[in-house]
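Peer 1: Hey, dropping entry_34.csv in here, CSV, C-alpha atoms:
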chain,number,residue,atom,x,y,z
A,1,MET,CA,-60.0,-39.4,69.0
A,2,ASN,CA,-59.8,-40.9,65.5
A,3,MET,CA,-63.0,-39.0,64.5
A,4,MET,CA,-61.4,-35.8,65.9
A,5,LYS,CA,-58.3,-36.4,63.8
A,6,MET,CA,-60.5,-36.8,60.7
A,7,MET,CA,-62.3,-33.5,61.5
A,8,LEU,CA,-58.9,-31.7,61.8
A,9,ASN,CA,-57.5,-32.8,58.5
A,10,LYS,CA,-56.6,-30.0,56.1
A,11,PHE,CA,-55.2,-29.5,52.7
A,12,THR,CA,-51.8,-27.9,52.5
A,13,VAL,CA,-50.3,-26.1,49.4
A,14,SER,CA,-46.7,-26.5,50.3
A,15,CYS,CA,-44.7,-27.2,53.4
A,16,VAL,CA,-41.5,-25.8,54.8
A,17,CYS,CA,-40.2,-27.6,57.9
A,18,VAL,CA,-37.8,-25.7,60.1
A,19,GLN,CA,-35.5,-27.2,62.8
A,20,ARG,CA,-32.8,-25.2,64.5
A,21,ALA,CA,-29.5,-26.0,62.7
A,22,ALA,CA,-27.8,-24.1,59.9
A,23,THR,CA,-28.4,-25.8,56.6
A,24,LEU,CA,-31.1,-25.1,54.1
A,25,HIS,CA,-32.1,-27.7,51.6
A,26,THR,CA,-34.5,-26.8,48.8
A,27,THR,CA,-36.5,-29.1,46.6
A,28,THR,CA,-39.3,-28.5,44.1
A,29,SER,CA,-42.1,-27.7,46.6
A,30,THR,CA,-40.5,-28.2,50.0
A,31,SER,CA,-37.7,-26.4,51.8
A,32,TRP,CA,-36.2,-27.6,55.0
A,33,ILE,CA,-34.4,-25.4,57.5
A,34,ASN,CA,-32.9,-27.3,60.4
A,35,ARG,CA,-33.4,-25.9,63.9
A,36,PRO,CA,-32.4,-27.5,67.3
A,37,ARG,CA,-35.8,-26.9,68.8
A,38,PRO,CA,-38.9,-26.1,67.3
A,39,THR,CA,-44.9,-29.1,65.1
A,40,CYS,CA,-50.5,-30.2,65.7
A,41,PRO,CA,-53.8,-31.4,63.9
A,42,GLN,CA,-55.3,-28.9,61.6
A,43,THR,CA,-58.5,-27.0,62.2
A,44,SER,CA,-60.9,-26.5,59.3
A,45,PRO,CA,-61.2,-23.0,57.7
A,46,GLN,CA,-64.7,-22.7,59.1
A,47,THR,CA,-63.4,-22.8,62.7
A,48,SER,CA,-60.3,-20.7,62.3
A,49,PRO,CA,-60.4,-17.2,63.8
A,50,LEU,CA,-60.2,-14.8,60.9
A,51,ARG,CA,-60.2,-11.0,60.9
A,52,LEU,CA,-62.9,-9.7,58.7
A,53,MET,CA,-62.5,-6.3,57.0
A,54,SER,CA,-65.0,-3.8,55.9
A,55,SER,CA,-65.6,-3.5,52.2
A,56,ARG,CA,-65.0,0.2,51.9
A,57,GLY,CA,-63.9,3.1,54.1
A,58,SER,CA,-61.8,2.6,57.2
A,59,SER,CA,-62.2,-0.4,59.4
A,60,SER,CA,-64.0,0.3,62.7
A,61,MET,CA,-62.4,-2.7,64.3
A,62,ASN,CA,-60.1,-2.3,67.3
A,63,VAL,CA,-58.9,-5.9,67.9
A,64,PHE,CA,-55.3,-5.4,69.0
A,65,ASP,CA,-53.7,-3.4,71.9
A,66,ARG,CA,-51.0,-1.6,69.9
A,67,ARG,CA,-49.3,-0.3,73.1
A,68,MET,CA,-49.0,-3.9,74.4
A,69,LYS,CA,-47.5,-5.0,71.1
A,70,ARG,CA,-44.9,-2.3,71.3
A,71,GLN,CA,-44.0,-3.4,74.8
A,72,GLN,CA,-43.7,-7.0,73.7
A,73,LYS,CA,-41.3,-6.0,70.9
A,74,ASN,CA,-39.2,-3.8,73.2
A,75,TRP,CA,-38.9,-6.7,75.7
A,76,SER,CA,-38.0,-9.1,72.9
A,77,ALA,CA,-35.3,-6.7,71.6
A,78,SER,CA,-33.8,-6.5,75.1
A,79,LEU,CA,-33.1,-10.2,75.3
A,80,GLN,CA,-29.4,-11.1,75.1
A,81,ASP,CA,-30.2,-14.2,73.1
A,82,GLY,CA,-32.8,-12.5,71.0
A,83,HIS,CA,-31.1,-13.5,67.8
A,84,ASN,CA,-32.1,-17.1,68.6
A,85,TYR,CA,-35.7,-16.2,67.9
A,86,ASP,CA,-35.2,-14.5,64.6
A,87,TYR,CA,-35.2,-17.7,62.5
A,88,LEU,CA,-38.8,-17.3,61.2
A,89,ARG,CA,-38.4,-13.6,60.4
A,90,ASP,CA,-35.0,-14.2,58.7
A,91,GLU,CA,-36.5,-16.9,56.5
A,92,VAL,CA,-39.6,-14.9,55.5
A,93,GLY,CA,-37.4,-11.8,54.9
A,94,SER,CA,-35.2,-13.7,52.5
A,95,ARG,CA,-38.2,-14.9,50.5
A,96,VAL,CA,-39.6,-11.3,50.3
A,97,ALA,CA,-36.1,-10.2,49.1
A,98,ASP,CA,-36.2,-12.9,46.4
A,99,ARG,CA,-39.4,-11.4,45.1
A,100,VAL,CA,-37.7,-8.0,45.0
A,101,TYR,CA,-34.9,-9.5,42.9
A,102,ASP,CA,-37.4,-11.0,40.5
A,103,ILE,CA,-38.6,-7.5,39.6
A,104,ALA,CA,-35.2,-6.7,38.0
A,105,ARG,CA,-35.0,-3.0,38.5
A,106,THR,CA,-33.1,-0.6,40.8
A,107,PHE,CA,-35.1,1.3,43.5
A,108,PRO,CA,-33.5,4.6,44.5
A,109,LEU,CA,-35.6,5.0,47.6
A,110,ALA,CA,-37.4,2.2,49.5
A,111,LEU,CA,-39.4,1.9,52.7
A,112,ASP,CA,-39.7,-1.1,55.0
A,113,VAL,CA,-42.9,-0.9,57.1
A,114,GLY,CA,-42.5,-2.6,60.5
A,115,GLY,CA,-39.0,-3.7,59.5
A,116,GLY,CA,-37.7,-4.2,63.0
A,117,LYS,CA,-34.2,-5.6,62.7
A,118,SER,CA,-34.1,-5.2,58.9
A,119,HIS,CA,-34.8,-8.9,58.2
A,120,ILE,CA,-35.4,-8.0,54.5
A,121,ALA,CA,-32.7,-5.5,54.0
A,122,GLU,CA,-30.0,-7.9,55.1
A,123,HIS,CA,-30.8,-9.9,52.0
A,124,LEU,CA,-30.7,-7.0,49.6
A,125,SER,CA,-27.8,-5.3,47.9
A,126,LYS,CA,-27.0,-1.7,47.0
A,127,ASP,CA,-27.4,-2.6,43.4
A,128,ILE,CA,-31.2,-3.2,44.0
A,129,VAL,CA,-32.0,-0.7,46.8
A,130,GLU,CA,-29.9,2.4,47.0
A,131,ARG,CA,-31.4,3.9,50.1
A,132,LEU,CA,-33.8,2.5,52.7
A,133,PHE,CA,-36.1,4.0,55.3
A,134,LEU,CA,-36.8,1.5,58.2
A,135,THR,CA,-39.8,2.0,60.4
A,136,ASP,CA,-41.1,0.2,63.5
A,137,THR,CA,-43.1,1.0,66.6
A,138,SER,CA,-40.3,-0.3,68.8
A,139,GLU,CA,-37.2,1.9,69.1
A,140,ASN,CA,-35.3,-0.9,70.8
A,141,THR,CA,-35.9,-3.2,67.8
A,142,LEU,CA,-34.6,-0.5,65.4
A,143,ARG,CA,-31.4,-0.3,67.4
A,144,SER,CA,-30.8,-4.0,66.8
A,145,ARG,CA,-30.8,-3.7,63.0
A,146,HIS,CA,-28.1,-5.2,60.9
A,147,SER,CA,-27.8,-4.2,57.2
A,148,GLU,CA,-25.2,-3.0,54.8
A,149,LEU,CA,-27.6,-0.7,53.0
A,150,PRO,CA,-27.7,3.0,53.8
A,151,VAL,CA,-30.6,2.9,56.3
A,152,GLN,CA,-32.5,5.7,58.1
A,153,CYS,CA,-34.6,4.6,61.0
A,154,VAL,CA,-37.9,6.1,61.9
A,155,VAL,CA,-40.0,5.2,64.9
A,156,ALA,CA,-43.5,5.2,63.4
A,157,ASP,CA,-46.8,3.2,63.7
A,158,GLU,CA,-47.7,1.1,60.7
A,159,GLU,CA,-51.2,2.5,60.9
A,160,PHE,CA,-50.0,6.2,60.6
A,161,LEU,CA,-47.1,6.5,58.1
A,162,PRO,CA,-45.4,9.9,58.5
A,163,PHE,CA,-44.4,10.3,54.8
A,164,ARG,CA,-45.6,12.4,51.9
A,165,GLU,CA,-47.4,11.0,48.9
A,166,ASN,CA,-45.5,9.8,45.9
A,167,THR,CA,-42.2,9.4,47.9
A,168,PHE,CA,-40.9,5.8,47.5
A,169,ASP,CA,-40.1,3.6,44.6
A,170,LEU,CA,-40.5,0.4,46.7
A,171,VAL,CA,-42.4,-0.4,49.9
A,172,LEU,CA,-41.6,-3.6,51.8
A,173,SER,CA,-43.2,-5.3,54.8
A,174,SER,CA,-42.6,-8.6,56.5
A,175,LEU,CA,-44.6,-10.1,59.3
A,176,SER,CA,-46.0,-6.9,60.8
A,177,LEU,CA,-49.3,-6.2,59.0
A,178,HIS,CA,-51.1,-9.0,60.9
A,179,TRP,CA,-51.0,-6.8,64.1
A,180,ILE,CA,-52.7,-3.8,62.5
A,181,ASN,CA,-56.3,-3.0,63.4
A,182,ASP,CA,-57.1,-1.0,60.2
A,183,LEU,CA,-55.5,-3.2,57.5
A,184,PRO,CA,-57.4,-1.6,54.6
A,185,GLY,CA,-56.4,1.9,55.8
A,186,ALA,CA,-52.7,0.8,56.2
A,187,LEU,CA,-52.7,-0.6,52.6
A,188,ARG,CA,-54.1,2.6,51.3
A,189,GLN,CA,-51.4,4.6,53.1
A,190,ILE,CA,-48.7,2.4,51.5
A,191,GLN,CA,-50.3,2.9,48.1
A,192,GLN,CA,-50.3,6.7,48.6
A,193,VAL,CA,-46.6,7.0,49.7
A,194,LEU,CA,-45.6,5.0,46.6
A,195,LYS,CA,-44.6,6.9,43.4
A,196,PRO,CA,-46.6,6.0,40.3
A,197,ASP,CA,-45.4,2.7,38.9
A,198,GLY,CA,-44.0,1.9,42.4
A,199,VAL,CA,-44.4,-1.6,43.8
A,200,PHE,CA,-45.4,-3.0,47.2
A,201,VAL,CA,-43.9,-6.4,48.2
A,202,GLY,CA,-45.1,-7.8,51.5
A,203,ALA,CA,-45.6,-10.9,53.6
A,204,MET,CA,-48.0,-11.4,56.5
A,205,VAL,CA,-49.3,-14.3,58.6
A,206,GLY,CA,-52.4,-16.0,57.3
A,207,GLY,CA,-55.5,-17.5,58.9
A,208,GLU,CA,-54.2,-21.1,59.2
A,209,THR,CA,-51.2,-20.1,61.3
A,210,LEU,CA,-50.6,-22.1,64.6
A,211,TYR,CA,-53.7,-24.1,64.1
A,212,GLU,CA,-52.1,-26.9,66.2
A,213,LEU,CA,-51.6,-24.6,69.2
A,214,ARG,CA,-55.0,-23.1,68.8
A,215,CYS,CA,-56.8,-26.4,68.6
A,216,SER,CA,-54.9,-28.0,71.5
A,217,LEU,CA,-55.6,-25.0,73.8
A,218,GLN,CA,-59.3,-24.9,72.8
A,219,LEU,CA,-59.8,-28.7,73.5
A,220,ALA,CA,-57.9,-28.5,76.8
A,221,GLU,CA,-59.8,-25.5,78.1
A,222,THR,CA,-63.1,-27.1,77.0
A,223,GLU,CA,-62.3,-30.2,78.9
A,224,ARG,CA,-60.8,-28.6,82.1
A,225,GLU,CA,-62.8,-25.4,82.3
A,226,GLY,CA,-66.0,-26.0,80.4
A,227,GLY,CA,-65.3,-23.4,77.7
A,228,PHE,CA,-62.4,-21.7,75.9
A,229,SER,CA,-61.2,-18.2,75.1
A,230,PRO,CA,-59.0,-17.1,72.2
A,231,HIS,CA,-55.3,-17.5,72.8
A,232,VAL,CA,-54.1,-17.1,69.2
A,233,SER,CA,-54.8,-13.7,67.5
A,234,PRO,CA,-57.2,-13.6,64.5
A,235,TYR,CA,-55.5,-13.4,61.1
A,236,THR,CA,-56.5,-12.4,57.6
A,237,ALA,CA,-57.7,-15.0,55.2
A,238,VAL,CA,-55.9,-15.4,51.9
A,239,THR,CA,-59.3,-15.1,50.1
A,240,ASP,CA,-59.7,-11.5,51.4
A,241,LEU,CA,-56.2,-10.3,50.7
A,242,GLY,CA,-56.6,-9.7,46.9
A,243,ASN,CA,-59.8,-7.7,47.5
A,244,LEU,CA,-58.1,-5.6,50.1
A,245,LEU,CA,-55.2,-4.8,47.8
A,246,GLY,CA,-57.6,-3.9,45.0
A,247,GLN,CA,-59.6,-1.7,47.2
A,248,ALA,CA,-56.5,0.1,48.3
A,249,GLY,CA,-55.8,1.1,44.7
A,250,PHE,CA,-53.1,-1.5,43.7
A,251,THR,CA,-53.0,-3.1,40.2
A,252,MET,CA,-51.3,-6.1,38.7
A,253,LEU,CA,-51.8,-8.0,41.9
A,254,THR,CA,-50.0,-11.2,42.9
A,255,VAL,CA,-50.9,-13.2,46.0
A,256,ASP,CA,-49.4,-16.6,46.9
A,257,VAL,CA,-49.3,-18.8,50.0
A,258,ASP,CA,-46.5,-20.7,51.6
A,259,GLU,CA,-46.3,-22.8,54.8
A,260,ILE,CA,-43.4,-23.0,57.2
A,261,GLN,CA,-43.4,-25.7,59.7
A,262,VAL,CA,-41.2,-25.6,62.7
A,263,HIS,CA,-40.5,-28.6,65.0
A,264,TYR,CA,-40.2,-28.1,68.8
A,265,PRO,CA,-39.8,-30.5,71.7
A,266,GLY,CA,-43.2,-29.5,73.1
A,267,ILE,CA,-45.9,-26.9,73.5
A,268,ILE,CA,-43.9,-25.0,76.2
A,269,GLU,CA,-41.1,-24.4,73.7
A,270,VAL,CA,-43.6,-23.2,71.1
A,271,MET,CA,-45.0,-20.6,73.4
A,272,THR,CA,-41.5,-19.6,74.7
A,273,ASP,CA,-40.3,-18.9,71.2
A,274,LEU,CA,-43.4,-16.9,70.3
A,275,GLN,CA,-42.8,-14.8,73.3
A,276,GLY,CA,-39.1,-14.4,72.3
A,277,MET,CA,-40.2,-13.3,68.8
A,278,GLY,CA,-42.4,-10.6,70.3
A,279,GLU,CA,-45.4,-12.5,68.8
A,280,SER,CA,-47.5,-13.1,71.9
A,281,ASN,CA,-51.2,-12.4,71.7
A,282,CYS,CA,-52.0,-8.8,72.1
A,283,ALA,CA,-55.8,-8.9,71.4
A,284,TRP,CA,-57.9,-6.8,73.7
A,285,LYS,CA,-60.0,-9.8,74.7
A,286,ARG,CA,-57.0,-12.0,75.4
A,287,ARG,CA,-56.8,-14.0,78.6
A,288,SER,CA,-54.0,-12.9,80.8
A,289,MET,CA,-53.1,-16.3,82.2
A,290,VAL,CA,-53.9,-20.0,81.6
A,291,HIS,CA,-54.3,-22.5,84.4
A,292,ARG,CA,-51.5,-25.0,85.0
A,293,ASP,CA,-53.9,-28.0,84.5
A,294,THR,CA,-55.0,-26.6,81.2
A,295,ILE,CA,-51.4,-26.2,79.9
A,296,LEU,CA,-50.6,-29.8,80.9
A,297,ALA,CA,-53.8,-31.0,79.2
A,298,ALA,CA,-53.0,-28.9,76.1
A,299,ALA,CA,-49.4,-30.4,76.0
A,300,SER,CA,-50.8,-33.9,76.1
A,301,ILE,CA,-53.4,-33.2,73.4
A,302,TYR,CA,-50.7,-31.5,71.2
A,303,GLN,CA,-48.5,-34.5,71.6
A,304,GLU,CA,-51.3,-37.0,70.9
A,305,LEU,CA,-52.6,-35.3,67.8
A,306,TYR,CA,-49.5,-33.9,66.1
A,307,ALA,CA,-46.4,-35.5,67.4
A,308,ASN,CA,-43.8,-36.8,64.9
A,309,GLU,CA,-42.1,-40.1,65.1
A,310,ASP,CA,-39.1,-38.6,67.0
A,311,GLY,CA,-41.4,-37.1,69.6
A,312,SER,CA,-41.2,-33.5,68.4
A,313,VAL,CA,-44.3,-31.5,67.7
A,314,PRO,CA,-44.9,-29.1,64.7
A,315,ALA,CA,-46.1,-25.5,64.6
A,316,THR,CA,-47.3,-24.3,61.2
A,317,TYR,CA,-47.0,-20.7,60.0
A,318,GLU,CA,-49.1,-19.8,56.9
A,319,ILE,CA,-47.4,-17.0,55.1
A,320,LEU,CA,-49.2,-14.8,52.6
A,321,TYR,CA,-47.0,-13.0,50.1
A,322,MET,CA,-48.4,-10.1,48.1
A,323,ILE,CA,-47.2,-7.8,45.3
A,324,GLY,CA,-49.1,-4.8,44.1
A,325,TRP,CA,-48.3,-1.9,41.8
A,326,LYS,CA,-49.4,1.7,41.9
A,327,PRO,CA,-51.1,2.6,38.6
A,328,HIS,CA,-49.1,4.3,35.9
A,329,GLU,CA,-49.9,5.0,32.2
A,330,SER,CA,-46.9,2.9,31.1
A,331,GLN,CA,-48.3,-0.3,32.7
A,332,ALA,CA,-50.0,-2.9,30.6
A,333,ARG,CA,-53.7,-2.8,30.6
A,334,PRO,CA,-56.4,-5.3,29.6
A,335,ALA,CA,-57.8,-4.8,26.1
A,336,ARG,CA,-61.3,-3.3,25.8
A,337,ARG,CA,-64.1,-5.8,26.1
A,338,GLY,CA,-65.2,-7.0,22.7
A,339,SER,CA,-62.1,-5.9,20.9
A,340,ALA,CA,-60.8,-9.4,20.2
A,341,THR,CA,-60.2,-10.4,16.6
A,342,VAL,CA,-59.9,-14.1,17.1
A,343,SER,CA,-62.5,-16.5,18.5
A,344,PHE,CA,-61.6,-19.1,21.2
A,345,GLY,CA,-63.5,-21.5,19.0
A,346,ASP,CA,-60.7,-21.2,16.4
A,347,LEU,CA,-58.0,-22.4,18.9
A,348,SER,CA,-59.0,-26.0,18.4
A,349,LYS,CA,-58.1,-25.7,14.7
A,350,ILE,CA,-54.5,-24.8,15.5
A,351,SER,CA,-53.5,-28.3,16.7
A,352,GLN,CA,-55.2,-30.0,13.8
A,353,PRO,CA,-52.9,-31.4,11.1
A,354,PRO,CA,-53.2,-29.7,7.7
A,355,PRO,CA,-55.1,-31.7,5.0
A,356,PRO,CA,-52.8,-33.9,2.8
A,357,GLN,CA,-51.5,-32.4,-0.4
A,358,HIS,CA,-52.1,-34.6,-3.5
A,359,PRO,CA,-49.7,-33.9,-6.4
A,360,ASP,CA,-51.3,-32.9,-9.7
A,361,PRO,CA,-51.5,-35.8,-12.2
A,362,PRO,CA,-48.9,-35.6,-15.0
A,363,THR,CA,-50.1,-33.9,-18.2
A,364,ALA,CA,-50.0,-35.6,-21.6
A,365,PRO,CA,-47.3,-34.4,-23.9
When written as structure tokens, how does the structure in this file appear?
Peer 2:
Amino acid sequence: MNMMKMMLNKFTVSCVCVQRAATLHTTTSTSWINRPRPTCPQTSPQTSPLRLMSSRGSSSMNVFDRRMKRQQKNWSASLQDGHNYDYLRDEVGSRVADRVYDIARTFPLALDVGGGKSHIAEHLSKDIVERLFLTDTSENTLRSRHSELPVQCVVADEEFLPFRENTFDLVLSSLSLHWINDLPGALRQIQQVLKPDGVFVGAMVGGETLYELRCSLQLAETEREGGFSPHVSPYTAVTDLGNLLGQAGFTMLTVDVDEIQVHYPGIIEVMTDLQGMGESNCAWKRRSMVHRDTILAAASIYQELYANEDGSVPATYEILYMIGWKPHESQARPARRGSATVSFGDLSKISQPPPPQHPDPPTAP
């Protein structure tokens, strides 16, 4: 077991631990959100299921059952206590909104792709976004929106945006792009509906998400059933995201990674909350059910490998944030290669002290 723990170690950039309560404490590199429920070892990047994209043209992959995902969202929106499962979307939505405020301009018309209950819009003011279009595949989710901005809702698939080119000044997206089959095509459509010098600000789930749950289920199935099937959907790797944005036609790219860690009493609560979020697996090759013995074994493995001192277990969500601009002649561009007038070799001379100045000797009268 010690060798297994060593194999499952991983490097983390930053950590955000979420427990269900109401306060948010922020430090230099770690933020903590208290929550009364909702933590596993970490699989290596080589064993994480990642969704690979074609380098050009539209993706031929058909990984996700989009109809099933719409049904999951509709069911989640129908829950009377559905707001109890919005903690992750609310937190990520607020961080996307913070990046919009950093741009320091007003956007007359904005689009939120897969916006659901407007988790981004509730953190924006009319001084920043004057008018917002909110899209989602789930009509029930759109009915549950809560925002003070002037919002027009449109039932639309993220893979087929029903808008004309050069329409929006700002396009937003939070935690919906990871369920798209043709991610390169969706990014190209977002770039097309933006006006020149428009900006896309988004967040999506990354490849290291739920590595604790994934590893525990794989080990349990291998032990009890002699093999395993995927129970956690494949995600996009952060190393591929910049290339995808560049191929879609975006410029001045910014991609950064954050981790949010939520602590739960056990694996059952992890899976229950994922279902309440509408984030259950919808891959075509998903397994419809898991044996009871396998679940019990996975719960034991989860507790053994990842449990905290207080008995809770963590679930880690890797969040990839992205910013890309549609090209415009007013944007700064890199200088022509070879046009530099100063050599890097001269930089070392800048920090050198000047030679001492000797006063001239007095002259004879």
Peer 1: If we draw a sphere of 12 Å around (-38.5, -38.3, 70.9), which residues have at least one atom in it when counting all atoms listed in the file? Please report them as a list in words.
Peer 2: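 So the residues meeting the distance criterion are Arg37, His263, Tyr264, Pro265, Gly266, Gln303, Ala307, Asn308, Glu309, Asp310, Gly311, Ser312 and Val313 of chain A.
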Peer 1: Using all atoms listed in the file, which residue out of A:Arg143, A:His119, A:Lys69, A:Arg214 lies closest to Ala283 in chain A?
Peer 2: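 Once distances to Ala283 in chain A are computed over all atoms listed in the file, the minimum belongs to A:Lys69.
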Peer 1: Can you measure CA of Gly324 in chain A to CA of Arg336 in chain A for me? One decimal in Å is fine.
Peer 2: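 Going from CA of Gly324 in chain A over to CA of Arg336 in chain A covers 22.0 Å.
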Peer 1: In terms of the shortest atom-to-atom distance over only C-alpha atoms, which of A:Ala299, A:Asp90, A:Ile323, A:Glu208 is closest to Gln191 in chain A?
Peer 2: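 Counting only C-alpha atoms, the residue closest to Gln191 in chain A is A:Ile323.
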Peer 1: What's around Trp179 in chain A at 10 Å? Count all atoms listed in the file, leave out sequence neighbours fewer than 4 positions away in its own chain, and write the answer as number ranges by chain.
Peer 2: A: 63-66, 69, 158-159, 175, 183, 204-205, 233-235, 279, 281-283
Peer 1: May I ask you to restore N, CA and C atoms in range 310-322 of chain A and write the result as a PDB file, in the coordinates of the input?
Peer 2:
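Writing done, so here's rebuild29.pdb:
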ATOM      1  N   ASP A 310     -40.222 -38.825  66.028  1.00  0.00           N
ATOM      2  CA  ASP A 310     -39.100 -38.600  67.000  1.00  0.00           C
ATOM      3  C   ASP A 310     -39.564 -37.892  68.238  1.00  0.00           C
ATOM      4  N   GLY A 311     -40.873 -37.686  68.405  1.00  0.00           N
ATOM      5  CA  GLY A 311     -41.400 -37.100  69.600  1.00  0.00           C
ATOM      6  C   GLY A 311     -41.557 -35.583  69.565  1.00  0.00           C
ATOM      7  N   SER A 312     -41.030 -34.916  68.539  1.00  0.00           N
ATOM      8  CA  SER A 312     -41.200 -33.500  68.400  1.00  0.00           C
ATOM      9  C   SER A 312     -42.612 -33.154  67.915  1.00  0.00           C
ATOM     10  N   VAL A 313     -43.004 -31.894  68.098  1.00  0.00           N
ATOM     11  CA  VAL A 313     -44.300 -31.500  67.700  1.00  0.00           C
ATOM     12  C   VAL A 313     -44.175 -30.290  66.700  1.00  0.00           C
ATOM     13  N   PRO A 314     -45.050 -30.163  65.694  1.00  0.00           N
ATOM     14  CA  PRO A 314     -44.900 -29.100  64.700  1.00  0.00           C
ATOM     15  C   PRO A 314     -45.763 -27.876  65.052  1.00  0.00           C
ATOM     16  N   ALA A 315     -45.287 -26.720  64.607  1.00  0.00           N
ATOM     17  CA  ALA A 315     -46.100 -25.500  64.600  1.00  0.00           C
ATOM     18  C   ALA A 315     -46.045 -24.911  63.223  1.00  0.00           C
ATOM     19  N   THR A 316     -47.210 -24.726  62.626  1.00  0.00           N
ATOM     20  CA  THR A 316     -47.300 -24.300  61.200  1.00  0.00           C
ATOM     21  C   THR A 316     -47.607 -22.832  61.130  1.00  0.00           C
ATOM     22  N   TYR A 317     -46.840 -22.163  60.278  1.00  0.00           N
ATOM     23  CA  TYR A 317     -47.000 -20.700  60.000  1.00  0.00           C
ATOM     24  C   TYR A 317     -47.447 -20.596  58.535  1.00  0.00           C
ATOM     25  N   GLU A 318     -48.660 -20.106  58.293  1.00  0.00           N
ATOM     26  CA  GLU A 318     -49.100 -19.800  56.900  1.00  0.00           C
ATOM     27  C   GLU A 318     -48.684 -18.401  56.578  1.00  0.00           C
ATOM     28  N   ILE A 319     -47.891 -18.257  55.536  1.00  0.00           N
ATOM     29  CA  ILE A 319     -47.400 -17.000  55.100  1.00  0.00           C
ATOM     30  C   ILE A 319     -48.009 -16.541  53.825  1.00  0.00           C
ATOM     31  N   LEU A 320     -48.617 -15.348  53.826  1.00  0.00           N
ATOM     32  CA  LEU A 320     -49.200 -14.800  52.600  1.00  0.00           C
ATOM     33  C   LEU A 320     -48.300 -13.760  52.018  1.00  0.00           C
ATOM     34  N   TYR A 321     -47.895 -13.968  50.781  1.00  0.00           N
ATOM     35  CA  TYR A 321     -47.000 -13.000  50.100  1.00  0.00           C
ATOM     36  C   TYR A 321     -47.878 -12.232  49.082  1.00  0.00           C
ATOM     37  N   MET A 322     -47.582 -10.937  48.973  1.00  0.00           N
ATOM     38  CA  MET A 322     -48.400 -10.100  48.100  1.00  0.00           C
ATOM     39  C   MET A 322     -47.507  -9.100  47.356  1.00  0.00           C
TER      40      MET A 322
END
